[in-house]
Amino acid sequence: MTTTPTHGAGTPAERSTLVDRSLPFRLPWAEARGRVARLGPALDEILGRHAYPAAVSAVLAETVTLAAMVAHSLKTDGVFTVQIRGDGPVSLMVADATASGALRGYAQFDADAVAALDTAVAGVRHQGAPSMPRLFGRAYLALTLDPGQGMERYQGIVELDGERLADAVHAYFRLSEQIESAVRFAVTPPEGDRGWRAGGLLLQRMPAEGGTATAAEDAEDGWHRAVVLASSVRDQELTDPDLPLETLLLRLYHEDGAIAYEALPLGFACRCSPERVEGLIRSLPGDDLAELTVDGRVDVVCEFCGTSYVYDDADIARLRANDAHRH
């Protein structure tokens with residue numbers, strides 16, 4: 001077997017900067033919690049591996065940012081996955097994040113159909129990510145939580161509704177989780193010596209814990225105030241690599257206060273491996289494996305990182321023999 005590795009080197013913590021971070025926080029006066037995240041080099045590495053059109057890269061940047069923010073709430077070393085599947089120019093988009101901050105993502109699309117949308121990088125910069133219906137057609141958004149350690153996996157699915165990913169995420173939490181939420185994304189394409197950057201803010205209302213009618217009214221007022229203040233954040237603030245996330249929270253909630261917790265460093269890291277690929281090959285029926293064989297070789301390329309795993313006839317025979325021996 002020969003392998004052309006393109007994995008990220010090291011763990012997210014080892015590669016983190018002040019930019020690649022997700023910061024959890026709480027607003028006691030609004031009975032709300034949230035996460036604010038900013039991606040720089042980690043996002044640039046993910047997108048740089050694919051050379052996607054600007055329209056696709058912009059939405060994938062938002063999707064990766066969403067995965068980073070939600071994965072921060074995982075209690076175990078699990079994986080949170082965001083998947084969008086549709087019948088438009090972009091047929092599939094996937095991003096996932098681990099509880100330790102490892103990010104990755106990819107998309108499948110019709111290059112000619114995407115080019116026909118005529119979405120320039122300048123349009124991404126000034127108008128945000130392209131319209132979701134134009135890119136995905138009729139589509140659905142699936143959010144999957146895999147806690148790992150043999151625990152049951154949970155998945156929620158909603159139709160992709162609205163012009164932006166933020167609209168679909170808001171609908172998901174309202175319909176599938178019954179959680180009031182507010183979400184913002186901002187994406188900045190490469191310019192000068194800076195690569196792709198993205199930022200996100202996710203605010204969620206915590207369940208009420210009883211109390212008087214006055215307390216409930218105060219909590220309602222607090223929640224609405226928190227949402228209004230969150231909506232005032234500018235795209236530049238979300239993506240500015242020189243603005244600490246803690247300072248951004250202070251700007252938004254300086255009057256009422258926000259409690260910030262330990263930030264999670266983020267970075268690109270792929271979980272593909274020879275062991276996983278070989279397990280896939282051993283599981284394939286002979287006819288399916290024959291269809292994948294070209295010039296006596298099977299070439300498996302990871303969609304996330306581009307690593308190529310090449311197996312010749314001798315490798316395949318060895319894997320099959322080992323599998324037969326185990327059974």
# chains A, B, ... in the order shown; residues from 1 in each chain; ligands from 1
call {"tool": "residues_around", "arguments": {"residues": "Ser232 in chain A", "least_positions_apart": "4", "cutoff": "12 Å", "atoms": "only C-alpha atoms", "output": "PyMOL selection string"}}
result
chain A and resi 182-184+201+225-228+236-238+248-249+251-253
call {"tool": "write_last_selection", "arguments": {"atoms": "N, CA and C atoms", "output": "compact mmCIF listing (two decimals), in the first residue's frame"}}
result
# COMPACT_ATOMS: atom_id res chain seq x y z
N ALA A 182 -30.61 32.34 18.52
CA ALA A 182 -30.22 33.38 17.57
C ALA A 182 -28.83 33.02 17.08
N VAL A 183 -28.60 33.16 15.79
CA VAL A 183 -27.31 32.76 15.24
C VAL A 183 -26.88 33.75 14.16
N ARG A 184 -25.59 34.03 14.15
CA ARG A 184 -25.00 34.93 13.16
C ARG A 184 -23.73 34.29 12.61
N LEU A 201 -21.73 33.44 16.00
CA LEU A 201 -22.27 33.68 17.33
C LEU A 201 -23.56 32.90 17.45
N ARG A 225 -33.61 41.27 24.94
CA ARG A 225 -32.51 42.24 24.93
C ARG A 225 -31.21 41.56 24.47
N ALA A 226 -31.00 40.33 24.93
CA ALA A 226 -29.79 39.60 24.54
C ALA A 226 -29.76 39.36 23.03
N VAL A 227 -30.92 39.03 22.45
CA VAL A 227 -31.00 38.78 21.01
C VAL A 227 -30.75 40.07 20.22
N VAL A 228 -31.35 41.17 20.69
CA VAL A 228 -31.15 42.45 20.01
C VAL A 228 -29.68 42.84 20.02
N GLN A 236 -17.46 42.47 10.55
CA GLN A 236 -16.04 42.74 10.75
C GLN A 236 -15.60 42.35 12.16
N GLU A 237 -16.48 42.54 13.14
CA GLU A 237 -16.13 42.17 14.52
C GLU A 237 -16.02 40.65 14.66
N LEU A 238 -16.88 39.93 13.98
CA LEU A 238 -16.86 38.47 14.09
C LEU A 238 -15.61 37.87 13.45
N LEU A 248 -14.99 41.11 22.39
CA LEU A 248 -16.23 41.18 21.62
C LEU A 248 -17.44 40.99 22.53
N LEU A 249 -17.38 40.01 23.43
CA LEU A 249 -18.48 39.80 24.37
C LEU A 249 -18.68 41.02 25.25
N ARG A 251 -18.03 44.10 24.52
CA ARG A 251 -18.66 45.15 23.72
C ARG A 251 -20.17 44.93 23.64
N LEU A 252 -20.58 43.69 23.44
CA LEU A 252 -21.99 43.40 23.25
C LEU A 252 -22.79 43.51 24.55
N TYR A 253 -22.21 43.02 25.65
CA TYR A 253 -22.98 42.88 26.88
C TYR A 253 -22.32 43.59 28.06
call {"tool": "residues_around", "arguments": {"residues": "Ala168 in chain A", "least_positions_apart": "3", "cutoff": "10 Å", "atoms": "only C-alpha atoms", "output": "list in words"}}
result
Met132, Tyr140, Leu141, Val158, Glu159, Leu160, Asp161, Gly162, Glu163, Arg164, Leu165, Ala171, Tyr172, Phe173, Arg174 and Val183 of chain A
call {"tool": "atom_distance", "arguments": {"atom1": "CA of Gly78 in chain A", "atom2": "CA of Gln149 in chain A"}}
result
8.0 Å
call {"tool": "select_by_dssp", "arguments": {"residues": "range 67-201 of chain A", "states": "helix (DSSP H, G or I)", "output": "ChimeraX atom specification"}}
result
/A:67-71,111-116,121-127,132-136,165-175
call {"tool": "atom_distance", "arguments": {"atom1": "CA of Leu74 in chain A", "atom2": "CA of Arg26 in chain A"}}
result
16.2 Å
call {"tool": "closest_residue", "arguments": {"among": "A:Glu278, A:Asp146, A:Asp242, A:Asp315", "to": "Asp77 in chain A", "atoms": "only C-alpha atoms"}}
result
A:Asp146
call {"tool": "residues_around", "arguments": {"residues": "range 79-89 of chain A", "least_positions_apart": "6", "cutoff": "9 Å", "atoms": "only C-alpha atoms", "output": "PDB file with N, CA and C atoms, in the first residue's frame"}}
result
ATOM      1  N   THR A  63     -20.648  26.481   7.590  1.00  0.00           N
ATOM      2  CA  THR A  63     -20.994  25.149   8.081  1.00  0.00           C
ATOM      3  C   THR A  63     -19.948  24.640   9.067  1.00  0.00           C
ATOM      4  N   VAL A  64     -18.677  24.850   8.754  1.00  0.00           N
ATOM      5  CA  VAL A  64     -17.603  24.450   9.666  1.00  0.00           C
ATOM      6  C   VAL A  64     -17.679  25.257  10.966  1.00  0.00           C
ATOM      7  N   LEU A  66     -20.361  26.532  12.350  1.00  0.00           N
ATOM      8  CA  LEU A  66     -21.473  25.990  13.131  1.00  0.00           C
ATOM      9  C   LEU A  66     -21.043  24.720  13.859  1.00  0.00           C
ATOM     10  N   ALA A  67     -20.374  23.816  13.152  1.00  0.00           N
ATOM     11  CA  ALA A  67     -19.920  22.574  13.778  1.00  0.00           C
ATOM     12  C   ALA A  67     -18.989  22.863  14.948  1.00  0.00           C
ATOM     13  N   ALA A  68     -18.110  23.840  14.775  1.00  0.00           N
ATOM     14  CA  ALA A  68     -17.162  24.184  15.836  1.00  0.00           C
ATOM     15  C   ALA A  68     -17.881  24.693  17.078  1.00  0.00           C
ATOM     16  N   VAL A  70     -21.124  24.174  18.061  1.00  0.00           N
ATOM     17  CA  VAL A  70     -21.980  23.192  18.730  1.00  0.00           C
ATOM     18  C   VAL A  70     -21.151  22.081  19.365  1.00  0.00           C
ATOM     19  N   ALA A  71     -20.068  21.664  18.709  1.00  0.00           N
ATOM     20  CA  ALA A  71     -19.241  20.582  19.252  1.00  0.00           C
ATOM     21  C   ALA A  71     -18.639  20.952  20.597  1.00  0.00           C
ATOM     22  N   ALA A  95     -19.629  18.984   7.292  1.00  0.00           N
ATOM     23  CA  ALA A  95     -18.586  19.475   8.192  1.00  0.00           C
ATOM     24  C   ALA A  95     -18.766  18.774   9.521  1.00  0.00           C
ATOM     25  N   ASP A  96     -17.659  18.430  10.164  1.00  0.00           N
ATOM     26  CA  ASP A  96     -17.785  17.861  11.501  1.00  0.00           C
ATOM     27  C   ASP A  96     -16.690  18.397  12.409  1.00  0.00           C
ATOM     28  N   ALA A  97     -16.945  18.270  13.695  1.00  0.00           N
ATOM     29  CA  ALA A  97     -16.021  18.763  14.714  1.00  0.00           C
ATOM     30  C   ALA A  97     -16.059  17.818  15.897  1.00  0.00           C
ATOM     31  N   THR A  98     -14.909  17.603  16.502  1.00  0.00           N
ATOM     32  CA  THR A  98     -14.836  16.772  17.694  1.00  0.00           C
ATOM     33  C   THR A  98     -14.846  17.652  18.933  1.00  0.00           C
ATOM     34  N   ALA A  99     -15.066  17.023  20.074  1.00  0.00           N
ATOM     35  CA  ALA A  99     -15.076  17.765  21.332  1.00  0.00           C
ATOM     36  C   ALA A  99     -13.717  18.375  21.630  1.00  0.00           C
ATOM     37  N   GLN A 108     -19.728  18.401  -2.391  1.00  0.00           N
ATOM     38  CA  GLN A 108     -19.852  17.811  -3.719  1.00  0.00           C
ATOM     39  C   GLN A 108     -20.790  18.693  -4.529  1.00  0.00           C
ATOM     40  N   PHE A 109     -20.405  19.021  -5.758  1.00  0.00           N
ATOM     41  CA  PHE A 109     -21.202  19.968  -6.531  1.00  0.00           C
ATOM     42  C   PHE A 109     -20.935  19.812  -8.021  1.00  0.00           C
ATOM     43  N   ASP A 110     -21.839  20.385  -8.808  1.00  0.00           N
ATOM     44  CA  ASP A 110     -21.694  20.452 -10.254  1.00  0.00           C
ATOM     45  C   ASP A 110     -20.973  21.760 -10.568  1.00  0.00           C
ATOM     46  N   ALA A 111     -19.724  21.665 -11.008  1.00  0.00           N
ATOM     47  CA  ALA A 111     -18.900  22.858 -11.200  1.00  0.00           C
ATOM     48  C   ALA A 111     -19.516  23.823 -12.212  1.00  0.00           C
ATOM     49  N   ASP A 112     -20.070  23.297 -13.302  1.00  0.00           N
ATOM     50  CA  ASP A 112     -20.660  24.170 -14.319  1.00  0.00           C
ATOM     51  C   ASP A 112     -21.890  24.889 -13.784  1.00  0.00           C
ATOM     52  N   ALA A 113     -22.708  24.166 -13.018  1.00  0.00           N
ATOM     53  CA  ALA A 113     -23.920  24.778 -12.471  1.00  0.00           C
ATOM     54  C   ALA A 113     -23.581  25.849 -11.442  1.00  0.00           C
ATOM     55  N   VAL A 114     -22.551  25.598 -10.641  1.00  0.00           N
ATOM     56  CA  VAL A 114     -22.133  26.603  -9.658  1.00  0.00           C
ATOM     57  C   VAL A 114     -21.572  27.829 -10.366  1.00  0.00           C
ATOM     58  N   LEU A 117     -24.027  30.359 -11.545  1.00  0.00           N
ATOM     59  CA  LEU A 117     -24.630  31.257 -10.563  1.00  0.00           C
ATOM     60  C   LEU A 117     -23.955  32.624 -10.573  1.00  0.00           C
ATOM     61  N   PRO A 133     -31.165  28.447  -1.338  1.00  0.00           N
ATOM     62  CA  PRO A 133     -31.966  27.789  -2.375  1.00  0.00           C
ATOM     63  C   PRO A 133     -31.269  27.760  -3.732  1.00  0.00           C
ATOM     64  N   ARG A 134     -30.534  28.811  -4.073  1.00  0.00           N
ATOM     65  CA  ARG A 134     -29.834  28.832  -5.353  1.00  0.00           C
ATOM     66  C   ARG A 134     -28.743  27.769  -5.392  1.00  0.00           C
ATOM     67  N   LEU A 135     -28.077  27.557  -4.282  1.00  0.00           N
ATOM     68  CA  LEU A 135     -26.982  26.596  -4.252  1.00  0.00           C
ATOM     69  C   LEU A 135     -27.460  25.157  -4.093  1.00  0.00           C
ATOM     70  N   PHE A 136     -28.437  24.939  -3.217  1.00  0.00           N
ATOM     71  CA  PHE A 136     -28.811  23.571  -2.843  1.00  0.00           C
ATOM     72  C   PHE A 136     -30.146  23.108  -3.416  1.00  0.00           C
ATOM     73  N   GLY A 137     -30.947  24.025  -3.963  1.00  0.00           N
ATOM     74  CA  GLY A 137     -32.263  23.623  -4.443  1.00  0.00           C
ATOM     75  C   GLY A 137     -33.138  23.187  -3.282  1.00  0.00           C
ATOM     76  N   ARG A 138     -33.945  22.160  -3.511  1.00  0.00           N
ATOM     77  CA  ARG A 138     -34.727  21.579  -2.408  1.00  0.00           C
ATOM     78  C   ARG A 138     -33.780  20.716  -1.590  1.00  0.00           C
ATOM     79  N   ALA A 139     -33.668  21.030  -0.316  1.00  0.00           N
ATOM     80  CA  ALA A 139     -32.628  20.369   0.481  1.00  0.00           C
ATOM     81  C   ALA A 139     -33.076  20.218   1.923  1.00  0.00           C
ATOM     82  N   TYR A 140     -32.283  19.446   2.667  1.00  0.00           N
ATOM     83  CA  TYR A 140     -32.526  19.319   4.098  1.00  0.00           C
ATOM     84  C   TYR A 140     -31.222  19.512   4.851  1.00  0.00           C
ATOM     85  N   LEU A 141     -31.381  19.921   6.097  1.00  0.00           N
ATOM     86  CA  LEU A 141     -30.260  20.109   7.014  1.00  0.00           C
ATOM     87  C   LEU A 141     -30.343  19.033   8.081  1.00  0.00           C
ATOM     88  N   ALA A 142     -29.261  18.290   8.263  1.00  0.00           N
ATOM     89  CA  ALA A 142     -29.205  17.242   9.285  1.00  0.00           C
ATOM     90  C   ALA A 142     -28.071  17.544  10.251  1.00  0.00           C
ATOM     91  N   LEU A 143     -28.382  17.534  11.533  1.00  0.00           N
ATOM     92  CA  LEU A 143     -27.381  17.707  12.578  1.00  0.00           C
ATOM     93  C   LEU A 143     -27.306  16.405  13.364  1.00  0.00           C
ATOM     94  N   THR A 144     -26.104  15.844  13.454  1.00  0.00           N
ATOM     95  CA  THR A 144     -25.923  14.538  14.081  1.00  0.00           C
ATOM     96  C   THR A 144     -24.930  14.634  15.226  1.00  0.00           C
ATOM     97  N   LEU A 145     -25.325  14.120  16.363  1.00  0.00           N
ATOM     98  CA  LEU A 145     -24.459  14.079  17.542  1.00  0.00           C
ATOM     99  C   LEU A 145     -24.119  12.631  17.843  1.00  0.00           C
ATOM    100  N   ASP A 146     -22.834  12.305  17.736  1.00  0.00           N
ATOM    101  CA  ASP A 146     -22.349  10.967  18.059  1.00  0.00           C
ATOM    102  C   ASP A 146     -21.488  11.081  19.316  1.00  0.00           C
ATOM    103  N   PRO A 147     -22.043  10.739  20.491  1.00  0.00           N
ATOM    104  CA  PRO A 147     -21.295  10.917  21.744  1.00  0.00           C
ATOM    105  C   PRO A 147     -20.095   9.985  21.874  1.00  0.00           C
ATOM    106  N   GLY A 148     -20.053   8.920  21.055  1.00  0.00           N
ATOM    107  CA  GLY A 148     -18.968   7.958  21.180  1.00  0.00           C
ATOM    108  C   GLY A 148     -19.150   7.072  22.398  1.00  0.00           C
ATOM    109  N   LEU A 160     -34.322  22.579   4.534  1.00  0.00           N
ATOM    110  CA  LEU A 160     -33.469  23.759   4.456  1.00  0.00           C
ATOM    111  C   LEU A 160     -34.344  24.937   4.056  1.00  0.00           C
TER     112      LEU A 160
END
call {"tool": "closest_residue", "arguments": {"among": "A:Ser57, A:Ser22, A:Ser231, A:Thr65", "to": "Pro190 in chain A", "atoms": "only C-alpha atoms"}}
result
A:Ser57
call {"tool": "closest_residue", "arguments": {"among": "A:Leu60, A:Val310, A:Leu203, A:Ile259", "to": "Ile281 in chain A", "atoms": "only C-alpha atoms"}}
result
A:Val310
call {"tool": "closest_residue", "arguments": {"among": "A:Leu229, A:Asp221, A:Ile157, A:Cys272", "to": "His254 in chain A", "atoms": "only C-alpha atoms"}}
result
A:Leu229
call {"tool": "select_by_dssp", "arguments": {"residues": "range 45-253 of chain A", "states": "strand (DSSP E)", "output": "PyMOL selection string"}}
result
chain A and resi 79-86+90-98+102-109+139-146+154-159+181-188+197-205
call {"tool": "write_last_selection", "arguments": {"atoms": "C-alpha atoms", "output": "mmCIF file, in the first residue's frame"}}
result
data_model
loop_
_atom_site.group_PDB
_atom_site.id
_atom_site.type_symbol
_atom_site.label_atom_id
_atom_site.label_comp_id
_atom_site.auth_asym_id
_atom_site.auth_seq_id
_atom_site.Cartn_x
_atom_site.Cartn_y
_atom_site.Cartn_z
ATOM 1 C CA VAL A 79 -18.334 14.139 17.050
ATOM 2 C CA PHE A 80 -20.887 16.690 15.870
ATOM 3 C CA THR A 81 -21.726 16.608 12.154
ATOM 4 C CA VAL A 82 -23.552 19.120 9.970
ATOM 5 C CA GLN A 83 -24.840 17.799 6.646
ATOM 6 C CA ILE A 84 -26.749 19.578 3.888
ATOM 7 C CA ARG A 85 -28.080 17.482 1.008
ATOM 8 C CA GLY A 86 -30.068 18.871 -1.915
ATOM 9 C CA VAL A 90 -24.394 21.739 -4.614
ATOM 10 C CA SER A 91 -25.643 18.235 -3.821
ATOM 11 C CA LEU A 92 -23.810 17.630 -0.551
ATOM 12 C CA MET A 93 -21.941 19.584 2.103
ATOM 13 C CA VAL A 94 -20.504 18.034 5.264
ATOM 14 C CA ALA A 95 -18.586 19.475 8.192
ATOM 15 C CA ASP A 96 -17.785 17.861 11.501
ATOM 16 C CA ALA A 97 -16.021 18.763 14.714
ATOM 17 C CA THR A 98 -14.836 16.772 17.694
ATOM 18 C CA ALA A 102 -10.638 18.958 15.364
ATOM 19 C CA LEU A 103 -12.429 20.327 12.292
ATOM 20 C CA ARG A 104 -12.870 19.163 8.708
ATOM 21 C CA GLY A 105 -15.321 19.590 5.832
ATOM 22 C CA TYR A 106 -16.001 19.014 2.146
ATOM 23 C CA ALA A 107 -18.622 19.543 -0.567
ATOM 24 C CA GLN A 108 -19.852 17.811 -3.719
ATOM 25 C CA PHE A 109 -21.202 19.968 -6.531
ATOM 26 C CA ALA A 139 -32.628 20.369 0.481
ATOM 27 C CA TYR A 140 -32.526 19.319 4.098
ATOM 28 C CA LEU A 141 -30.260 20.109 7.014
ATOM 29 C CA ALA A 142 -29.205 17.242 9.285
ATOM 30 C CA LEU A 143 -27.381 17.707 12.578
ATOM 31 C CA THR A 144 -25.923 14.538 14.081
ATOM 32 C CA LEU A 145 -24.459 14.079 17.542
ATOM 33 C CA ASP A 146 -22.349 10.967 18.059
ATOM 34 C CA TYR A 154 -28.855 11.372 17.862
ATOM 35 C CA GLN A 155 -29.864 13.029 14.590
ATOM 36 C CA GLY A 156 -32.312 15.819 13.819
ATOM 37 C CA ILE A 157 -33.431 16.723 10.289
ATOM 38 C CA VAL A 158 -35.318 19.745 8.959
ATOM 39 C CA GLU A 159 -35.983 21.152 5.517
ATOM 40 C CA SER A 181 -31.983 30.651 19.482
ATOM 41 C CA ALA A 182 -30.225 33.384 17.572
ATOM 42 C CA VAL A 183 -27.313 32.759 15.235
ATOM 43 C CA ARG A 184 -25.002 34.925 13.158
ATOM 44 C CA PHE A 185 -22.268 34.052 10.684
ATOM 45 C CA ALA A 186 -19.724 36.194 8.878
ATOM 46 C CA VAL A 187 -17.228 35.119 6.217
ATOM 47 C CA THR A 188 -14.312 37.009 4.689
ATOM 48 C CA ARG A 197 -11.737 33.868 7.858
ATOM 49 C CA ALA A 198 -15.102 33.205 9.478
ATOM 50 C CA GLY A 199 -16.889 33.994 12.695
ATOM 51 C CA GLY A 200 -20.073 32.868 14.355
ATOM 52 C CA LEU A 201 -22.270 33.682 17.330
ATOM 53 C CA LEU A 202 -24.817 31.200 18.679
ATOM 54 C CA LEU A 203 -27.182 32.259 21.460
ATOM 55 C CA GLN A 204 -29.673 29.853 23.047
ATOM 56 C CA ARG A 205 -32.324 30.348 25.689
#
call {"tool": "atom_distance", "arguments": {"atom1": "CA of Gly296 in chain A", "atom2": "CA of Ser273 in chain A"}}
result
21.8 Å
